Amino acid sequence: MSSLGQEMHALCRELFPIYRSITGNGFRQSLSILKTHLPNLKIVEVPSGTKCFDWEVPREWNIRDAYIINPDGHKICDFKKNNLHVLGYSTPIDRTVSLDELQEHLYSLPDQPDAIPYVTSYYKERWGFCITHKDREQLKQGAYRVYIDSDLKDGFLTYGELTIPGERSDEILLSSYLCHPSMANNELSGPVVTTFLAKWIIGRERRKYTYRIVIIPETIGSITYLSRNYKDMKDKVIAGFNVTCVGDERAYSYLPSRQGNTLSDKAALHVLHHLHPDFVAYSFLDRASDERQYCSPGIDLPVCSVMRTKYSCYPEYHTSLDDLKLVTPAGLFGGYEVLKKAIECLELNERLRTTVYCEPQLGKRGLYPTVSTRSTGFQVKNMLNLLAYSDGELSTLEIAEKINVPLWELAETIETLKREGILDTSE
Amino acid sequence: MSSLGQEMHALCRELFPIYRSITGNGFRQSLSILKTHLPNLKIVEVPSGTKCFDWEVPREWNIRDAYIINPDGHKICDFKKNNLHVLGYSTPIDRTVSLDELQEHLYSLPDQPDAIPYVTSYYKERWGFCITHKDREQLKQGAYRVYIDSDLKDGFLTYGELTIPGERSDEILLSSYLCHPSMANNELSGPVVTTFLAKWIIGRERRKYTYRIVIIPETIGSITYLSRNYKDMKDKVIAGFNVTCVGDERAYSYLPSRQGNTLSDKAALHVLHHLHPDFVAYSFLDRASDERQYCSPGIDLPVCSVMRTKYSCYPEYHTSLDDLKLVTPAGLFGGYEVLKKAIECLELNERLRTTVYCEPQLGKRGLYPTVSTRSTGFQVKNMLNLLAYSDGELSTLEIAEKINVPLWELAETIETLKREGILDTSE
Amino acid sequence: MSSLGQEMHALCRELFPIYRSITGNGFRQSLSILKTHLPNLKIVEVPSGTKCFDWEVPREWNIRDAYIINPDGHKICDFKKNNLHVLGYSTPIDRTVSLDELQEHLYSLPDQPDAIPYVTSYYKERWGFCITHKDREQLKQGAYRVYIDSDLKDGFLTYGELTIPGERSDEILLSSYLCHPSMANNELSGPVVTTFLAKWIIGRERRKYTYRIVIIPETIGSITYLSRNYKDMKDKVIAGFNVTCVGDERAYSYLPSRQGNTLSDKAALHVLHHLHPDFVAYSFLDRASDERQYCSPGIDLPVCSVMRTKYSCYPEYHTSLDDLKLVTPAGLFGGYEVLKKAIECLELNERLRTTVYCEPQLGKRGLYPTVSTRSTGFQVKNMLNLLAYSDGELSTLEIAEKINVPLWELAETIETLKREGILDTSE
């Protein structure tokens, strides 16, 4: 268990230094690392200018280096030391500017003087540097050489896609995004936990559902992906999760789908109620990630989010302080576990019907324990409650919620009662 | 604004001295004053004896004078000084009676010794006087001349009716009653605010709905009106308000329709939640005005009440203390404003659908503000939330309630998004 | 009233000493005593081995005597002194055993050292004695003669059934069980109160519904009964109560049907809200009596329980302490009353429709009281509220709940308004 947390943290560390944006080689390189874990991960390239609903795929941006030489001749805001120093999607520049001019291109956080903020300008051409406020206040008058070796030209938007086939064509969607540079909770935790969930799903003996795993850039990526796949997804996806901010140890959080009562929501809430009853429940109004697209009118996919501490809700968010001390093996493992349990619930969910009227006689089948302890007492009670609600209408997930038992704890009982011919799948 | 309150208060003052009852010349005279504000107000006369469902129009009652001469020769209970002194619908009398006999015809309030109570006897023939309890206790033995110059004979029940046409034949109903003599909150505030709402409606550039304004005597008036119009109203009226007790400054109140969830209720609650969240919510069981008829089984009109302090719920209710000090310009203006906002919400209410899948790209349309302040941030958030729920199912009133923004604050955004072709009416 | 409680308590006392089990002569003898109160009670015998859904009728068990002779030659655990001393369904035995061997066949309650527990072994053949823990601790080494004169052989399961015809073939079910030996709340209170309810029903002038009264052994009895009658019951039963634990004075309790919102539940909650608003509301998950069968999937009868203190929820439960001091005349009368009121509500329940639009003119029909007191004020208010909701959709039980008046207090008003032609049955 703890070793799984360590493995996920190691993958975070491997990915952390790579510079990523919504397009470009850093995204490709990161995807190819995930592909070492998921050999069937398909890498898809969508050309710049491709129309995606109301949007189009932007030009591809790549950057090789960026820094400032201060009047003393020292290199500051060195991209190679911390890639947050450059404004995302900065245009290239190589000029000497006064401090006054430089100030117009600097971004810092007076309230968090030790943090380098994460700032981007995807849709307006600008150049800029991000700097700790403490360092900014030390800057003195003089000539600054500003150097950004980047280019923005026609290329591709890149994403990864993996289909893990199951018995049914009905799908469960896991979507995460890989477009953030060196930050850990938001966002390396999402793609890393998604990768390990995919590995676990591949390793399962039996899969009722097919799994669609997508690793995209946020917003433009989900819009691009949906524009190419939404009809198929609307036909097939019965539940889905946007996997983000699943690596710290502070909290568990839930953000509903737009409808709020989809199968995904039910599974998420069932798991959180049982495992982390003190979880934070947000409103759909608090959304700011890809559920904005997945849940948009006409798309209407049943996608919600189960998180550790939600984006925007922790002080290190979108700064250099969101690092690999904030995200821990235990934090990642906790995020992985709740999503794994939610998937287990979906796999276990079905409608059952008793094959006999009234309560069956459990005694003659040896289903009444011969030694009666508190724990066997609960098992018998759960068994009778499960039978009492197996009317072909309620799903096992709904029954589990009603009788206040985690669905995964009912799995063995369900198997036994099916084997004994007392319960039958009604679908 | 404040000048509108002053104008309404002035109209109250003009109407206040006139003696009104459910029929008679005082009602006609009051209506004709309202007609100076609403020239198209149609005055309708319904003959006594006309069958109205289970009721019939009573005989018309008129009164010219009433008083008592006490044993000292002084005139007391002088109708010309305060018209509440006479029992409503008193039969004529001109006799000298003992104090003992007189007492059987006097009405006073021991708990409110300075108040003349408002008492009527519409459906049983009686004569009587209303008097402050303080004065009553001063009465000494002796001969009292009682004089009431009234008559009750076949005539008419009078009401006012105004149709303000809109783009659609669907109607919004405003109903108020004018049958009370010299009292201010219950009830001159209702017909006066209704008159000014009608003036505002007439002055609007655009009206989606047609408006039906009725000024009637309470109970028998709404029954009479409904008996002549209910089929037409059931076809057309989509929302309506019984306008009463809208003139004091103490509280805002809401009394639901019988169904409780009609469009009127939604509009009323939306306005009150945003403007006066401390409003008092009554039950339909607390009703005692014309919603008794509008919401009766088989009639079932979507009529609720938005009030200031509700009838029966303030100490001055139905006494001479309900005067033009209790009702103020600010009180009337507040009552006017909540009803105006409710009407605005109804006019703004529609079902919208986004024309593109996923979030539209607001940036390329200049809808992302270039300077980002807290207030523009809210605007963008509201815009995205509005888009997220514009699924052709939810109405804008329901969306506004869901995203917790007053609908009137969304109006400009809705216009912009329609103009940009991103939102489309789905009706 | 109080005399009815005394009569019920007297019947409990008459039945108390008889040894009963799920089959056998004690059950027959008890039924025949109930038959002296209900001459039309039909006694039904179902042969051992009869298949009942997943079960079969067990062999019939009878016992004549049982005791232990201790090493001092004294008779202990004497069945004739307290019939709880023998393990229910014990096999016969006549042997001398050591204390060690005896201990394996003794049942006592360390936490309740003065109580003889009630223990049975219906479906596994055993012999045993139940003893107070205090006495058990006094047992010394030596030879014990154990004697049980019982037999278990093919015979019958016996139950009682009574149909009380009404105007309609729709049925109300009252089910209680008589299989417990000398205990009073659980369970002589149930069959005794059921018997007296049946007597009251028989004595009613008018019965809208037909009544099905069944007195059975618990679990196997309801399964047996259902296996022979469920199709007929599913067609006819519109409401039903499992009558159990209705004899002590501590609490009133409610256990819902599986669906939770059946007509039975509505009637039970209406009565309890008005008569005993501090009643204890259990969940269907707390069930442990015949609603397990009546509410099982596919059977789905609208059966709930209204109790005094619920089985399992009082310390004397299933011990010799559940005796005729715990169950009292007042306790029985209280249990009887709530069920009687629930039945009255069902008999009164109907859909009504006003025959006129708007409020009827009550005055001309003399329905406005001429003297107005607080109590007549409530009557008029209730009358108007009743009329306001009589839309042919809501039932009178639902209206009574909505307007917060006990349905039985509306009965006279409903009769009056029907007689006046203002209300009409809409069914």
# chains A, B, ... in the order shown; residues from 1 in each chain; ligands from 1
>>> closest_atom_pairs(of="chain B", to="chain A", cutoff="6 Å", atoms="only C-alpha atoms", output="Markdown table")
| residue | atom | partner | partner_atom | distance |
| --- | --- | --- | --- | --- |
| B:Cys358 | CA | A:Gln293 | CA | 4.8 |
| B:Pro360 | CA | A:Asp54 | CA | 5.4 |
| B:Ala388 | CA | A:Ser296 | CA | 5.6 |
| B:Asp391 | CA | A:Pro297 | CA | 5.0 |
>>> residues_around(residues="Ala251 in chain A", least_positions_apart="4", cutoff="10 Å", atoms="only C-alpha atoms", output="list in words")
Val246, Gly247, His276, Asp278, Phe279, Val280, Met307, Arg308, Thr309, Lys310, Gly331, Gly334 and Gly335 of chain A
>>> select_by_dssp(residues="range 108-257 of chain A", states="helix (DSSP H, G or I)", output="count of residues only")
38
>>> residues_around(residues="range 190-193 of chain B", least_positions_apart="3", cutoff="7 Å", atoms="only C-alpha atoms", output="ChimeraX atom specification")
/B:8,11-12,176-178,187,196-197,215,243-246,332,336
>>> closest_residue(among="A:Glu14, A:Asn349, A:Asp323, A:Tyr19", to="Ile33 in chain A", atoms="only C-alpha atoms")
A:Glu14
>>> residues_around(residues="Ile164 in chain C", least_positions_apart="4", cutoff="9 Å", atoms="only C-alpha atoms", output="count of residues only")
10
>>> residues_around(residues="Gly73 in chain C", least_positions_apart="2", cutoff="12 Å", atoms="only C-alpha atoms", output="PDB file with C-alpha atoms, in the first residue's frame")
ATOM      1  CA  TYR C  67     -37.570 -30.063  35.000  1.00  0.00           C
ATOM      2  CA  ILE C  68     -34.168 -30.772  36.516  1.00  0.00           C
ATOM      3  CA  ILE C  69     -33.591 -32.658  39.787  1.00  0.00           C
ATOM      4  CA  ASN C  70     -30.508 -31.260  41.449  1.00  0.00           C
ATOM      5  CA  PRO C  71     -27.994 -33.310  43.484  1.00  0.00           C
ATOM      6  CA  LYS C  75     -36.778 -29.888  41.438  1.00  0.00           C
ATOM      7  CA  ILE C  76     -35.419 -26.808  39.643  1.00  0.00           C
ATOM      8  CA  GLY C 142     -23.017 -33.565  41.303  1.00  0.00           C
ATOM      9  CA  ALA C 143     -25.476 -35.563  39.281  1.00  0.00           C
ATOM     10  CA  TYR C 144     -28.465 -33.814  37.706  1.00  0.00           C
ATOM     11  CA  ARG C 145     -31.477 -35.583  36.343  1.00  0.00           C
ATOM     12  CA  VAL C 146     -32.762 -33.730  33.260  1.00  0.00           C
TER      13      VAL C 146
END
>>> residues_around(residues="Cys304 in chain C", least_positions_apart="5", cutoff="7 Å", atoms="only C-alpha atoms", output="list in words")
Gly240, Phe241, Asn242, Leu255, Pro256, Ser257, Ser264, Asp265 and Glu291 of chain C
>>> write_last_selection(atoms="all heavy atoms", output="CSV table (one decimal), in the first residue's frame")
chain,number,residue,atom,x,y,z
C,240,GLY,N,-52.3,-2.0,6.1
C,240,GLY,CA,-52.2,-3.0,7.1
C,240,GLY,C,-51.3,-2.7,8.2
C,240,GLY,O,-50.4,-1.9,8.0
C,241,PHE,N,-51.5,-3.3,9.3
C,241,PHE,CA,-50.6,-3.1,10.5
C,241,PHE,C,-50.2,-4.4,11.1
C,241,PHE,O,-51.0,-5.4,11.2
C,241,PHE,CB,-51.4,-2.3,11.5
C,241,PHE,CG,-51.8,-0.9,11.0
C,241,PHE,CD1,-53.1,-0.8,10.6
C,241,PHE,CD2,-50.9,0.1,11.0
C,241,PHE,CE1,-53.5,0.5,10.1
C,241,PHE,CE2,-51.3,1.3,10.4
C,241,PHE,CZ,-52.6,1.5,10.0
C,242,ASN,N,-48.9,-4.5,11.4
C,242,ASN,CA,-48.4,-5.7,12.2
C,242,ASN,C,-48.6,-5.2,13.6
C,242,ASN,O,-47.9,-4.3,14.1
C,242,ASN,CB,-47.0,-5.9,11.8
C,242,ASN,CG,-46.4,-7.1,12.6
C,242,ASN,OD1,-47.0,-8.2,12.7
C,242,ASN,ND2,-45.2,-6.9,13.2
C,255,LEU,N,-42.8,2.0,13.1
C,255,LEU,CA,-41.8,1.4,12.2
C,255,LEU,C,-42.4,1.3,10.8
C,255,LEU,O,-43.5,0.7,10.6
C,255,LEU,CB,-41.4,0.0,12.7
C,255,LEU,CG,-40.2,-0.7,12.0
C,255,LEU,CD1,-39.3,-1.4,12.9
C,255,LEU,CD2,-40.6,-1.5,10.8
C,256,PRO,N,-41.8,2.0,9.8
C,256,PRO,CA,-42.4,2.2,8.5
C,256,PRO,C,-42.5,0.9,7.7
C,256,PRO,O,-41.8,-0.1,8.0
C,256,PRO,CB,-41.5,3.2,7.8
C,256,PRO,CG,-40.2,3.0,8.4
C,256,PRO,CD,-40.5,2.6,9.9
C,257,SER,N,-43.3,0.9,6.7
C,257,SER,CA,-43.3,-0.1,5.7
C,257,SER,C,-42.0,0.0,4.9
C,257,SER,O,-41.3,1.0,5.0
C,257,SER,CB,-44.5,0.0,4.7
C,257,SER,OG,-44.3,1.1,3.9
C,264,SER,N,-50.9,3.1,4.9
C,264,SER,CA,-50.7,2.7,6.3
C,264,SER,C,-49.8,3.7,7.0
C,264,SER,O,-50.0,4.1,8.2
C,264,SER,CB,-50.1,1.3,6.4
C,264,SER,OG,-50.7,0.4,5.6
C,265,ASP,N,-48.7,4.0,6.4
C,265,ASP,CA,-47.7,4.9,7.0
C,265,ASP,C,-48.3,6.3,7.2
C,265,ASP,O,-48.1,6.9,8.3
C,265,ASP,CB,-46.5,5.0,6.1
C,265,ASP,CG,-45.7,3.7,5.9
C,265,ASP,OD1,-45.0,3.4,6.9
C,265,ASP,OD2,-45.8,3.1,4.9
C,291,GLU,N,-43.4,-7.7,9.3
C,291,GLU,CA,-43.2,-6.8,8.2
C,291,GLU,C,-42.1,-7.3,7.3
C,291,GLU,O,-42.0,-6.9,6.1
C,291,GLU,CB,-43.1,-5.4,8.6
C,291,GLU,CG,-41.8,-5.0,9.4
C,291,GLU,CD,-41.9,-5.5,10.8
C,291,GLU,OE1,-43.0,-5.3,11.4
C,291,GLU,OE2,-41.0,-6.1,11.3
>>> select_by_dssp(residues="range 161-315 of chain A", states="strand (DSSP E or B)", output="number ranges by chain")
A: 161-164, 171-177, 210-216, 237-242, 253-255, 280-281, 303-307
>>> residues_around(residues="Ser3 in chain B", least_positions_apart="6", cutoff="10 Å", atoms="only C-alpha atoms", output="PyMOL selection string")
chain B and resi 9+329-330+333
>>> write_last_selection(atoms="C-alpha atoms", output="PDB file, in the first residue's frame")
ATOM      1  CA  HIS B   9     -48.633  58.950  -0.468  1.00  0.00           C
ATOM      2  CA  PRO B 329     -43.826  57.326   1.245  1.00  0.00           C
ATOM      3  CA  ALA B 330     -40.871  55.032   1.970  1.00  0.00           C
ATOM      4  CA  PHE B 333     -42.095  52.797  -2.350  1.00  0.00           C
TER       5      PHE B 333
END
>>> decode(residues="range 157-168 of chain B", atoms="all heavy atoms", output="short mmCIF file (atom, residue, chain, number, x, y, z; two decimals), in the first residue's frame")
data_model
loop_
_atom_site.label_atom_id
_atom_site.label_comp_id
_atom_site.auth_asym_id
_atom_site.auth_seq_id
_atom_site.Cartn_x
_atom_site.Cartn_y
_atom_site.Cartn_z
N LEU B 157 -72.77 46.54 -8.03
CA LEU B 157 -71.41 46.38 -7.50
C LEU B 157 -70.49 46.93 -8.60
O LEU B 157 -70.66 46.60 -9.78
CB LEU B 157 -71.13 44.90 -7.22
CG LEU B 157 -69.74 44.52 -6.73
CD1 LEU B 157 -69.82 43.27 -5.85
CD2 LEU B 157 -68.74 44.30 -7.86
N THR B 158 -69.57 47.78 -8.19
CA THR B 158 -68.73 48.49 -9.15
C THR B 158 -67.30 47.97 -9.06
O THR B 158 -66.81 47.70 -7.95
CB THR B 158 -68.73 50.00 -8.81
OG1 THR B 158 -70.09 50.41 -8.62
CG2 THR B 158 -68.07 50.82 -9.90
N TYR B 159 -66.65 47.79 -10.20
CA TYR B 159 -65.20 47.51 -10.14
C TYR B 159 -64.48 48.15 -11.32
O TYR B 159 -65.13 48.57 -12.29
CB TYR B 159 -64.89 46.01 -10.04
CG TYR B 159 -65.29 45.17 -11.22
CD1 TYR B 159 -64.48 45.11 -12.38
CD2 TYR B 159 -66.43 44.38 -11.18
CE1 TYR B 159 -64.83 44.31 -13.45
CE2 TYR B 159 -66.79 43.58 -12.25
CZ TYR B 159 -65.98 43.54 -13.39
OH TYR B 159 -66.32 42.75 -14.45
N GLY B 160 -63.18 48.24 -11.20
CA GLY B 160 -62.36 48.81 -12.26
C GLY B 160 -61.50 47.72 -12.91
O GLY B 160 -61.05 46.79 -12.24
N GLU B 161 -61.28 47.86 -14.18
CA GLU B 161 -60.56 46.82 -14.93
C GLU B 161 -59.75 47.51 -16.01
O GLU B 161 -60.23 48.40 -16.70
CB GLU B 161 -61.60 45.91 -15.57
CG GLU B 161 -61.02 44.71 -16.27
CD GLU B 161 -62.13 43.89 -16.93
OE1 GLU B 161 -63.20 44.46 -17.24
OE2 GLU B 161 -61.92 42.69 -17.13
N LEU B 162 -58.49 47.06 -16.14
CA LEU B 162 -57.62 47.67 -17.14
C LEU B 162 -56.80 46.59 -17.80
O LEU B 162 -56.17 45.78 -17.11
CB LEU B 162 -56.68 48.69 -16.46
CG LEU B 162 -55.58 49.29 -17.34
CD1 LEU B 162 -56.17 50.11 -18.48
CD2 LEU B 162 -54.65 50.15 -16.49
N THR B 163 -56.80 46.56 -19.11
CA THR B 163 -55.94 45.63 -19.84
C THR B 163 -54.84 46.43 -20.52
O THR B 163 -55.11 47.39 -21.23
CB THR B 163 -56.74 44.86 -20.89
OG1 THR B 163 -57.77 44.13 -20.22
CG2 THR B 163 -55.86 43.88 -21.64
N ILE B 164 -53.60 46.03 -20.24
CA ILE B 164 -52.47 46.69 -20.89
C ILE B 164 -51.87 45.65 -21.83
O ILE B 164 -51.28 44.67 -21.38
CB ILE B 164 -51.42 47.15 -19.86
CG1 ILE B 164 -52.09 47.95 -18.73
CG2 ILE B 164 -50.32 47.96 -20.54
CD1 ILE B 164 -51.16 48.26 -17.56
N PRO B 165 -52.03 45.84 -23.13
CA PRO B 165 -51.64 44.77 -24.04
C PRO B 165 -50.13 44.61 -24.14
O PRO B 165 -49.38 45.57 -23.98
CB PRO B 165 -52.22 45.21 -25.39
CG PRO B 165 -52.45 46.67 -25.26
CD PRO B 165 -52.61 47.00 -23.82
N GLY B 166 -49.69 43.38 -24.37
CA GLY B 166 -48.26 43.08 -24.57
C GLY B 166 -48.10 42.25 -25.82
O GLY B 166 -49.05 42.03 -26.56
N GLU B 167 -46.86 41.77 -26.04
CA GLU B 167 -46.60 40.99 -27.25
C GLU B 167 -47.37 39.69 -27.25
O GLU B 167 -47.73 39.17 -28.30
CB GLU B 167 -45.10 40.69 -27.36
CG GLU B 167 -44.28 41.96 -27.53
CD GLU B 167 -42.80 41.72 -27.27
OE1 GLU B 167 -42.39 40.54 -27.15
OE2 GLU B 167 -42.06 42.71 -27.15
N ARG B 168 -47.58 39.15 -26.08
CA ARG B 168 -48.27 37.87 -25.99
C ARG B 168 -49.64 38.07 -25.35
O ARG B 168 -49.86 39.01 -24.61
CB ARG B 168 -47.49 36.90 -25.11
CG ARG B 168 -46.08 36.70 -25.58
CD ARG B 168 -45.46 35.57 -24.80
NE ARG B 168 -44.06 35.45 -25.20
CZ ARG B 168 -43.20 34.59 -24.68
NH1 ARG B 168 -43.62 33.76 -23.72
NH2 ARG B 168 -41.97 34.53 -25.10
#
